[in-house]
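As structure tokens, the structure follows; a few thoughts come after it.
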Amino acid sequence: MTIGDIIPEVLGVDAQGKEVKASDYAGVPMIIYFYPKDNTPGCTAEACSLRDGYEELRKLGYAVIGISKDSPASHVKFAAKYELPFTLLSDSTTEVNQAFGVWQKKKMAGREYMGTVRTTFVTDADHRIVHIISKVDTKNAAAQLLKLLS
């Protein structure tokens, strides 16, 4: 996905196993952040930064959604452990990751594998992408967004 594209309708499955759609957020600008895995250092830092900046992001009118390949059950535990006030969606098939273009070949310790590339998308109220953050500052993710949106 690139700036100007409209996001896909299906965004993933919530903690209750319900399919969540972009149309569930009709007329609401969105911050959709893709992250590799619950309870890993970078992903936890990013989620906690967004938690800490959540009220300011909400005051600007944004809905915040995190998406990873983890199961809904994993998301429930992760959200409870870190008191995350926003929705986490499961994309176990990687269909949504692929639609957004964040499911890519990665390298670690000389090994190649497919995985989620940490990326944040910001949409307008019509769900058209207006910003893409590909170099996410995990510890300061909320400040990075607030600077961009102010």
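Following the order of the structure tokens, chains are lettered A, B, ..., residues in each are numbered from 1, and ligands are numbered from 1.
Summary of the local environment: counting only C-alpha atoms, residues at most 12 Å from Val96 (chain A), other than itself and those fewer than 6 positions away along its chain, are Met1, Ile7, Pro8, Glu9, Val10, Leu11, Gly12, Val13, Glu19, Val20, Lys21, Ala22, Ile32, Tyr33, Phe34, Gly66, Ile67, Ser68, Lys69, Leu89, Ser90, Val102, Trp103 and Thr116 of chain A.
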Those of region 81-144 of chain A in DSSP strand (DSSP E), formatted as a PyMOL selection string: chain A and resi 87-90+103-108+111-116+119-123+129-133
Residues near Lys106 (chain A), cut-off 10 Å, only C-alpha atoms, skip fewer than 4 positions along chain, as a VMD selection string: chain A and resid 110 to 117
Would you put the residues from that selection into a file with all heavy atoms, as a PDB file, in the first residue's frame?
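Final output, saved to part_28.pdb:
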ATOM      1  N   GLY A 110      21.647 -14.787   9.944  1.00  0.00           N
ATOM      2  CA  GLY A 110      21.978 -15.504   8.710  1.00  0.00           C
ATOM      3  C   GLY A 110      20.843 -16.334   8.130  1.00  0.00           C
ATOM      4  O   GLY A 110      21.016 -17.020   7.135  1.00  0.00           O
ATOM      5  N   ARG A 111      19.690 -16.285   8.763  1.00  0.00           N
ATOM      6  CA  ARG A 111      18.544 -17.071   8.318  1.00  0.00           C
ATOM      7  C   ARG A 111      17.527 -16.159   7.635  1.00  0.00           C
ATOM      8  O   ARG A 111      17.250 -15.066   8.127  1.00  0.00           O
ATOM      9  CB  ARG A 111      17.919 -17.723   9.555  1.00  0.00           C
ATOM     10  CG  ARG A 111      16.955 -18.832   9.253  1.00  0.00           C
ATOM     11  CD  ARG A 111      16.434 -19.466  10.561  1.00  0.00           C
ATOM     12  NE  ARG A 111      14.992 -19.384  10.544  1.00  0.00           N
ATOM     13  CZ  ARG A 111      14.250 -18.588  11.294  1.00  0.00           C
ATOM     14  NH1 ARG A 111      14.787 -17.795  12.171  1.00  0.00           N
ATOM     15  NH2 ARG A 111      12.941 -18.585  11.184  1.00  0.00           N
ATOM     16  N   GLU A 112      16.975 -16.604   6.534  1.00  0.00           N
ATOM     17  CA  GLU A 112      15.928 -15.852   5.856  1.00  0.00           C
ATOM     18  C   GLU A 112      14.573 -16.469   6.171  1.00  0.00           C
ATOM     19  O   GLU A 112      14.446 -17.690   6.225  1.00  0.00           O
ATOM     20  CB  GLU A 112      16.142 -15.873   4.342  1.00  0.00           C
ATOM     21  CG  GLU A 112      17.182 -14.894   3.873  1.00  0.00           C
ATOM     22  CD  GLU A 112      17.197 -14.745   2.354  1.00  0.00           C
ATOM     23  OE1 GLU A 112      16.386 -15.388   1.658  1.00  0.00           O
ATOM     24  OE2 GLU A 112      18.022 -13.969   1.869  1.00  0.00           O
ATOM     25  N   TYR A 113      13.583 -15.622   6.388  1.00  0.00           N
ATOM     26  CA  TYR A 113      12.239 -16.104   6.686  1.00  0.00           C
ATOM     27  C   TYR A 113      11.245 -14.997   6.341  1.00  0.00           C
ATOM     28  O   TYR A 113      11.620 -13.828   6.178  1.00  0.00           O
ATOM     29  CB  TYR A 113      12.116 -16.483   8.168  1.00  0.00           C
ATOM     30  CG  TYR A 113      12.342 -15.335   9.110  1.00  0.00           C
ATOM     31  CD1 TYR A 113      11.268 -14.642   9.658  1.00  0.00           C
ATOM     32  CD2 TYR A 113      13.633 -14.911   9.444  1.00  0.00           C
ATOM     33  CE1 TYR A 113      11.464 -13.572  10.508  1.00  0.00           C
ATOM     34  CE2 TYR A 113      13.840 -13.839  10.284  1.00  0.00           C
ATOM     35  CZ  TYR A 113      12.757 -13.173  10.819  1.00  0.00           C
ATOM     36  OH  TYR A 113      12.959 -12.104  11.650  1.00  0.00           O
ATOM     37  N   MET A 114       9.985 -15.351   6.249  1.00  0.00           N
ATOM     38  CA  MET A 114       8.937 -14.372   6.007  1.00  0.00           C
ATOM     39  C   MET A 114       8.427 -13.866   7.355  1.00  0.00           C
ATOM     40  O   MET A 114       8.241 -14.654   8.285  1.00  0.00           O
ATOM     41  CB  MET A 114       7.784 -14.983   5.206  1.00  0.00           C
ATOM     42  CG  MET A 114       8.165 -15.375   3.791  1.00  0.00           C
ATOM     43  SD  MET A 114       8.739 -13.990   2.775  1.00  0.00           S
ATOM     44  CE  MET A 114       7.199 -13.114   2.519  1.00  0.00           C
ATOM     45  N   GLY A 115       8.203 -12.560   7.434  1.00  0.00           N
ATOM     46  CA  GLY A 115       7.716 -11.992   8.677  1.00  0.00           C
ATOM     47  C   GLY A 115       7.138 -10.613   8.471  1.00  0.00           C
ATOM     48  O   GLY A 115       7.216 -10.041   7.377  1.00  0.00           O
ATOM     49  N   THR A 116       6.568 -10.082   9.538  1.00  0.00           N
ATOM     50  CA  THR A 116       5.973  -8.747   9.503  1.00  0.00           C
ATOM     51  C   THR A 116       7.054  -7.694   9.661  1.00  0.00           C
ATOM     52  O   THR A 116       7.836  -7.744  10.604  1.00  0.00           O
ATOM     53  CB  THR A 116       4.946  -8.587  10.648  1.00  0.00           C
ATOM     54  OG1 THR A 116       3.938  -9.588  10.506  1.00  0.00           O
ATOM     55  CG2 THR A 116       4.309  -7.212  10.628  1.00  0.00           C
ATOM     56  N   VAL A 117       7.066  -6.743   8.745  1.00  0.00           N
ATOM     57  CA  VAL A 117       7.967  -5.604   8.847  1.00  0.00           C
ATOM     58  C   VAL A 117       7.202  -4.505   9.590  1.00  0.00           C
ATOM     59  O   VAL A 117       6.143  -4.075   9.147  1.00  0.00           O
ATOM     60  CB  VAL A 117       8.409  -5.118   7.445  1.00  0.00           C
ATOM     61  CG1 VAL A 117       9.234  -3.845   7.553  1.00  0.00           C
ATOM     62  CG2 VAL A 117       9.192  -6.204   6.732  1.00  0.00           C
TER      63      VAL A 117
END
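Across the structure, CA of Ile65 (chain A) and CA of Gly42 (chain A) are spaced 16.8 Å apart.
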Test item: residues at most 8 Å from Cys48 (chain A), only C-alpha atoms, excluding those fewer than 3 positions along its chain, as a PyMOL selection string: chain A and resi 44-45+51-52+82+84
Selection near Leu146 (chain A), 10 Å with only C-alpha atoms, sequence-local residues under 2 positions removed, as a PyMOL selection string: chain A and resi 53+56-57+60+140-144+148-150
Would you save the residues from that selection as an mmCIF file, in the first residue's frame, using C-alpha atoms?
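The result, stored in again.cif:
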data_model
loop_
_atom_site.group_PDB
_atom_site.id
_atom_site.type_symbol
_atom_site.label_atom_id
_atom_site.label_comp_id
_atom_site.auth_asym_id
_atom_site.auth_seq_id
_atom_site.Cartn_x
_atom_site.Cartn_y
_atom_site.Cartn_z
ATOM 1 C CA GLY A 53 0.096 8.635 24.046
ATOM 2 C CA GLU A 56 -3.615 12.572 22.864
ATOM 3 C CA LEU A 57 -4.120 10.506 19.700
ATOM 4 C CA LEU A 60 -6.939 14.279 17.568
ATOM 5 C CA ASN A 140 8.786 6.871 21.040
ATOM 6 C CA ALA A 141 6.091 5.647 18.636
ATOM 7 C CA ALA A 142 3.387 7.945 20.049
ATOM 8 C CA ALA A 143 5.637 11.027 19.996
ATOM 9 C CA GLN A 144 6.657 10.164 16.432
ATOM 10 C CA LEU A 148 3.629 13.997 12.332
ATOM 11 C CA LEU A 149 -0.041 14.764 13.041
ATOM 12 C CA SER A 150 0.344 18.136 14.785
#
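Proximity to Lys59 (chain A) was assessed for A:Pro29, A:Gly17, A:Pro41, A:Pro72 counting only C-alpha atoms; the smallest distance is recorded for A:Pro29.
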DSSP-assigned alpha helix (DSSP H) among region 12-147 of chain A, expressed as a PyMOL selection string: chain A and resi 41-52+54-59+72-81+95-100+141-147
Save out the residues we just selected, C-alpha atoms, as a CSV table (one decimal), in the first residue's frame.
chain,number,residue,atom,x,y,z
A,41,PRO,CA,11.1,-6.1,23.6
A,42,GLY,CA,10.5,-3.8,20.5
A,43,CYS,CA,6.8,-4.7,20.2
A,44,THR,CA,6.2,-4.1,23.9
A,45,ALA,CA,8.0,-0.8,23.8
A,46,GLU,CA,5.9,0.3,20.8
A,47,ALA,CA,2.6,-0.8,22.4
A,48,CYS,CA,3.4,0.9,25.7
A,49,SER,CA,4.4,4.1,23.9
A,50,LEU,CA,1.1,4.1,22.0
A,51,ARG,CA,-0.7,3.3,25.3
A,52,ASP,CA,1.0,6.3,27.0
A,54,TYR,CA,-3.3,7.1,23.4
A,55,GLU,CA,-5.4,9.9,25.0
A,56,GLU,CA,-3.6,12.6,22.9
A,57,LEU,CA,-4.1,10.5,19.7
A,58,ARG,CA,-7.8,10.0,20.6
A,59,LYS,CA,-8.2,13.8,21.2
A,72,PRO,CA,-6.6,-13.5,19.7
A,73,ALA,CA,-5.7,-15.3,23.0
A,74,SER,CA,-2.2,-14.0,22.9
A,75,HIS,CA,-3.5,-10.5,22.2
A,76,VAL,CA,-5.8,-10.7,25.3
A,77,LYS,CA,-2.9,-11.6,27.6
A,78,PHE,CA,-0.6,-8.9,26.0
A,79,ALA,CA,-3.3,-6.2,26.2
A,80,ALA,CA,-4.1,-7.1,29.9
A,81,LYS,CA,-0.4,-7.3,30.9
A,95,GLU,CA,-3.7,-12.0,4.5
A,96,VAL,CA,-4.0,-8.4,5.9
A,97,ASN,CA,-0.2,-8.2,6.3
A,98,GLN,CA,0.2,-9.1,2.7
A,99,ALA,CA,-2.6,-6.7,1.5
A,100,PHE,CA,-0.7,-3.8,3.3
A,141,ALA,CA,6.1,5.6,18.6
A,142,ALA,CA,3.4,7.9,20.0
A,143,ALA,CA,5.6,11.0,20.0
A,144,GLN,CA,6.7,10.2,16.4
A,145,LEU,CA,3.0,10.1,15.4
A,146,LEU,CA,2.0,13.2,17.4
A,147,LYS,CA,4.8,15.2,15.8
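From CA of Ser23 (chain A) back to CA of Gly61 (chain A), the distance works out to 16.0 Å.
The smallest atom-to-atom distance between Pro36 (chain A) and any of A:Ile133, A:Ser92, A:Val122, A:Val64, using only C-alpha atoms, is found for A:Ser92.
Counting only C-alpha atoms, the residue from A:Lys107, A:Thr94, A:Tyr25, A:Val136 that sits nearest to Phe121 (chain A) is A:Val136.
Excluding Asp124 (chain A) itself and any same-chain residue fewer than 3 positions from it, the protein and nucleic acid residues within 10 Å of it, counting only C-alpha atoms, are Gly4, Ile6, Gly27, Val28, Pro29, Met30, Ile31, Tyr62, His127, Arg128, Ile129, Val130 and His131 of chain A.
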Nearest residue to Thr119 (chain A) from the set A:Thr87, A:Asp38, A:Thr2, A:Lys18 (distances using only C-alpha atoms): A:Thr2
